[in-house]
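Participant: Below are the structure tokens for one structure; questions will follow.
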Amino acid sequence: MSEPIEPQTPAEPEVPTGPYVYDYAASPQRQVVLPKTVPLPSLKTYRAEVVAQQAADEAKWQKMQADYETAKAKAEAEGKEAPKPPVKPVPRKDDNDMKTPWPQEAKAPDLLRLQELLGDKVEEVFEQAGELTCQVRKEALHEALRLCRDDASLKYEMLADQTGTHYPAAKDFAFSLVYQLTSISRRKRLRVRILVPEGFEPESACSLYPGANWMERETYDMLGIRFKDHPDMTRILCPEDWEGYPLRKEYPTVGWGQRDIDLREDRGGVLMRIAMEKAGQMGINLKQPQAD
Amino acid sequence: MFKNEEMEINLGPQHPSTHGVLRVKLRLDGETVVKCTPIIGYLHRGVEKICENKTFFQGQVWTDRMDYVAAISNNLGWAEGVEKLFGIEVPRRARYIRTMLTEMNRLASHLLWLATHALDIGAMTVFLYTFREREYLLDLFEAFCGARLTTTAFRIGGLREDLPPGFIKQAQAFQDIFLDCMEEYETLLSENRIWKKRTVGVAKINAEDCIALGITGPVLRAAGVPYDIRKAFPSAAYAEMDFEIPTRPEADTYARYLVRLAEMRQSHRIIQQCIDGLPEGPVMAKIPKILKSEVNEVYHSIEAPKGELGYYFVGEKGGTTPYRMHVRAPSFVNMQALSKMVEGRLLADVIAAIGTLDVVLGEIDR
């Protein structure tokens, strides 16, 4: 016969003391690793990288040759067999069906036309993967879009998409904003891009392309870029009282801005208990707020 | 005794005819809509943020959950977008099978649209007829990839598997009956007096407004603009297919109904061409097990059943996940037309307008 089992009582969840705070940094699930590079596609950067790579390869080859010379001289002096001469390394060829699209010089007439019309307001034009990109100064966005829409040789009637990317590692800008334009009559596409720093308010494209209304609201909602002269600059996908901008790189995938349980509606106290337990597990200090 | 004031009512977010969790704030003067404000975001799951933390192979699973009635179209957009980012050439047989499945999915999506749109307006019978054929298509998807709705049908670089044995035979059996079924739907609706009264001249939006608002798909084509991405920027095997772009000049709900029905006949034609001309060969390109991207950005769009579905990718050097992924959802952009369509019209037309836009809230909110 076994011993009778003692009746067990569930342990009371420990109520943390202290002020009512969300300590995001405390939880290991909420750590964010910020990107260290700025993956902004650009012909200038690509060319600089290629030149640097070639210089590095050349320096490596020179060093290999110099090493060989010294080794050979040393071997001769000691009367040993001479070492093998170095072989120039050739880039490895992968046996697959991939052909990486690198940025190329702009040859499309539309890009050249834009460059001619806008002059030094164009920062960069290039082609990549068969797509045309025109990067303009952030103040000249409206002018560039107007030209794209109205110029007889461009005629991009439709704004297909508008979005942005966050680059926390970049020094003189924080976001890139892209406008994907489509010409229905001529069957062509163009991407207009601007780089904006934190806090800069680019001009809204709504007066040119009314469809930009919701797209810019989404950009504001997700990245926190406000647009000047926008008819209704409010959040669209997240609730109005949401904290933070989810598509920024410092925004964690868990937590931040998650809606709190409304404890005033919790009459039975069930939600409160669950919240306390969860908060305790996640290392969050959650004290019951005092009733007014 | 009689008060003359405007009233504000909410349509949704749990109303069955809003096709999901769409809330429409309506300001009414009697039965006339004065102002219409669609409010979205109830189904927001942050797919773009999630995909930034998933590899290129894993992310495709999330595209099924956006437009859940046309998952294969979403898969096609994702797969081709990633292939463009990496410069992958897909074998011809894989492209044919992709085209065939995408067109079948267009049929399934349009059948669901027809069913629910007619149901909203009050024609219950069509629902039973269209779902019969939709089941057939879903069974074909299940035979191909094991899932009926959340298909994840394609892989980066081609297909995971070739078509299962007997698939072509079953698809041909479907092809043989489908045109007769189409005639059944048309008998029920096309000349139906109630249907015409509810749709002719309702929810008009002209071509200029469509282009200004960025509206694509059948709504644009019913306004007389022959813009179809399958023709304008062909991908998969659409360049080798022989089909037409149906358009109508009327730009009303009835015209959109006719355009979508004509599109279904064109899809039927494309599927037949894929079955007849299916080339032999491999279905998967040679690609490494782990894809590492270079610094690059691409915007790739396809013609989904609802309109232009675009994927925007930014790749970082050596990255196995997209640095940034953005979806240009057709329903999201098309939804902006709702206010223009219904303001100044009757409350009952709002239901017809939501139905004719063919929105899926999973795609709007992402």
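Every chain in the structure tokens takes a letter, A first, then B, and so on in the order presented; its residues are numbered from 1, and the ligands are numbered from 1 following the presented order.
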Give the strand (DSSP E or B) residues of range 71-240 of chain A, as DSSP finds them on the backbone, and put them as a ChimeraX atom specification.

Facilitator: /A:98,104-105,122-128,131-136,158-166,175-183,188-196,203,228

Participant: Kindly determine which residues of chain B lie within 6 Å of chain A, considering only C-alpha atoms, and give the answer as number ranges by chain.

Facilitator: B: 41, 86-89, 211-214, 232, 286-287, 295-296, 316

Participant: Write down as a VMD selection string the residues of range 82-135 of chain A whose backbone DSSP state falls under alpha helix (DSSP H).

Facilitator: chain A and resid 109 to 118

Participant: Please produce a file of those selected residues containing N, CA and C atoms, as a tab-separated table (two decimals), in the first residue's frame.

Facilitator:
```
chain	number	residue	atom	x	y	z
A	109	PRO	N	15.44	55.01	-72.67
A	109	PRO	CA	15.20	56.41	-73.03
A	109	PRO	C	14.46	57.19	-71.95
A	110	ASP	N	13.61	56.50	-71.17
A	110	ASP	CA	12.84	57.21	-70.14
A	110	ASP	C	13.75	57.77	-69.06
A	111	LEU	N	14.72	56.98	-68.66
A	111	LEU	CA	15.63	57.43	-67.60
A	111	LEU	C	16.47	58.60	-68.11
A	112	LEU	N	16.94	58.49	-69.35
A	112	LEU	CA	17.75	59.57	-69.91
A	112	LEU	C	16.92	60.84	-70.05
A	113	ARG	N	15.66	60.66	-70.43
A	113	ARG	CA	14.76	61.81	-70.57
A	113	ARG	C	14.54	62.48	-69.22
A	114	LEU	N	14.32	61.68	-68.19
A	114	LEU	CA	14.13	62.24	-66.84
A	114	LEU	C	15.36	62.99	-66.40
A	115	GLN	N	16.52	62.42	-66.69
A	115	GLN	CA	17.78	63.05	-66.31
A	115	GLN	C	17.94	64.40	-67.03
A	116	GLU	N	17.53	64.40	-68.28
A	116	GLU	CA	17.65	65.62	-69.07
A	116	GLU	C	16.70	66.69	-68.53
A	117	LEU	N	15.47	66.27	-68.16
A	117	LEU	CA	14.47	67.23	-67.72
A	117	LEU	C	14.77	67.76	-66.32
A	118	LEU	N	15.23	66.88	-65.45
A	118	LEU	CA	15.39	67.28	-64.05
A	118	LEU	C	16.79	67.78	-63.72
```

Participant: Contacts of Asp67 in chain A at 12 Å or less, counting only C-alpha atoms, minus same-chain residues fewer than 5 places along, as a PDB file with N, CA and C atoms, in the first residue's frame?

Facilitator:
```pdb
ATOM      1  N   LYS A  60      46.128  40.717 -53.184  1.00  0.00           N
ATOM      2  CA  LYS A  60      46.320  39.350 -52.708  1.00  0.00           C
ATOM      3  C   LYS A  60      47.257  38.589 -53.658  1.00  0.00           C
ATOM      4  N   TRP A  61      47.044  38.809 -54.930  1.00  0.00           N
ATOM      5  CA  TRP A  61      47.864  38.139 -55.948  1.00  0.00           C
ATOM      6  C   TRP A  61      49.319  38.602 -55.849  1.00  0.00           C
ATOM      7  N   GLN A  62      49.503  39.913 -55.681  1.00  0.00           N
ATOM      8  CA  GLN A  62      50.858  40.453 -55.524  1.00  0.00           C
ATOM      9  C   GLN A  62      51.539  39.824 -54.317  1.00  0.00           C
ATOM     10  N   LYS A  72      61.145  30.978 -52.650  1.00  0.00           N
ATOM     11  CA  LYS A  72      62.036  30.388 -53.645  1.00  0.00           C
ATOM     12  C   LYS A  72      63.493  30.721 -53.322  1.00  0.00           C
ATOM     13  N   ALA A  73      63.692  32.022 -52.985  1.00  0.00           N
ATOM     14  CA  ALA A  73      65.058  32.455 -52.647  1.00  0.00           C
ATOM     15  C   ALA A  73      65.573  31.699 -51.438  1.00  0.00           C
ATOM     16  N   LYS A  74      64.664  31.514 -50.444  1.00  0.00           N
ATOM     17  CA  LYS A  74      65.049  30.815 -49.215  1.00  0.00           C
ATOM     18  C   LYS A  74      65.411  29.358 -49.522  1.00  0.00           C
ATOM     19  N   PRO A  83      59.687  25.697 -54.270  1.00  0.00           N
ATOM     20  CA  PRO A  83      58.228  25.499 -54.139  1.00  0.00           C
ATOM     21  C   PRO A  83      57.510  25.749 -55.460  1.00  0.00           C
ATOM     22  N   LYS A  84      56.280  25.274 -55.494  1.00  0.00           N
ATOM     23  CA  LYS A  84      55.490  25.439 -56.722  1.00  0.00           C
ATOM     24  C   LYS A  84      55.115  26.906 -56.911  1.00  0.00           C
ATOM     25  N   PRO A  85      55.141  27.390 -58.149  1.00  0.00           N
ATOM     26  CA  PRO A  85      54.703  28.779 -58.370  1.00  0.00           C
ATOM     27  C   PRO A  85      53.203  28.903 -58.139  1.00  0.00           C
ATOM     28  N   PRO A  86      52.754  30.070 -57.643  1.00  0.00           N
ATOM     29  CA  PRO A  86      51.328  30.231 -57.327  1.00  0.00           C
ATOM     30  C   PRO A  86      50.469  30.296 -58.587  1.00  0.00           C
TER      31      PRO A  86
END
```

Participant: Kindly give the distance, in Å, that separates CA of Glu198 in chain A and CA of Glu139 in chain A, rounded to a single decimal.

Facilitator: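 Interatomic distance, CA of Glu198 in chain A to CA of Glu139 in chain A: 14.6 Å.
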
Participant: Skip range 48-60 of chain B itself and residues of its chain fewer than 2 positions away, then list as a PyMOL selection string all residues within 7 Å of it, counting only C-alpha atoms.

Facilitator: (chain A and resi 247) or (chain B and resi 46+62-63+75+78+152+156+320-326)

Participant: Write out as a ChimeraX atom specification which residues come within 8 Å of Thr130 in chain B when counting only C-alpha atoms, dropping same-chain ones fewer than 6 positions away.

Facilitator: /B:111-112,114-115,185

Participant: So which residues touch Ser73 in chain B within 9 Å, counting only C-alpha atoms, skipping near sequence neighbours fewer than 6 positions away, as a VMD selection string?

Facilitator: chain B and resid 64 67 101 to 103 105 to 106 302 to 305 309

Participant: Can you pull out every residue within 12 Å of Val202 in chain B, counting only C-alpha atoms, but drop anything in the same chain fewer than 4 positions away, and send it as a PyMOL selection string?

Facilitator: chain B and resi 195-198+250-257+338+340-356

Participant: What is the distance, in Å and to one decimal place, between CA of Ile270 in chain B and CA of Thr99 in chain B?

Facilitator: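 Here the two named atoms are 8.1 Å from each other.
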
Participant: B:Ile215, B:Leu163, B:Leu85, B:Ala153: which is nearest Phe313 in chain B, counting only C-alpha atoms?

Facilitator: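 Between B:Ile215, B:Leu163, B:Leu85, B:Ala153, the residue approaching Phe313 in chain B most closely is B:Leu85.
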
Participant: Grab the CA of Thr32 in chain B to CA of Pro218 in chain B distance for me, in Å with one decimal place.

Facilitator: 26.6 Å

Participant: From the list B:Met7, B:Ile40, B:Leu140, B:Ile275, which residue is nearest Leu28 in chain B when using only C-alpha atoms?

Facilitator: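 Checking each of B:Met7, B:Ile40, B:Leu140, B:Ile275 against Leu28 in chain B, counting only C-alpha atoms, the winner is B:Met7.
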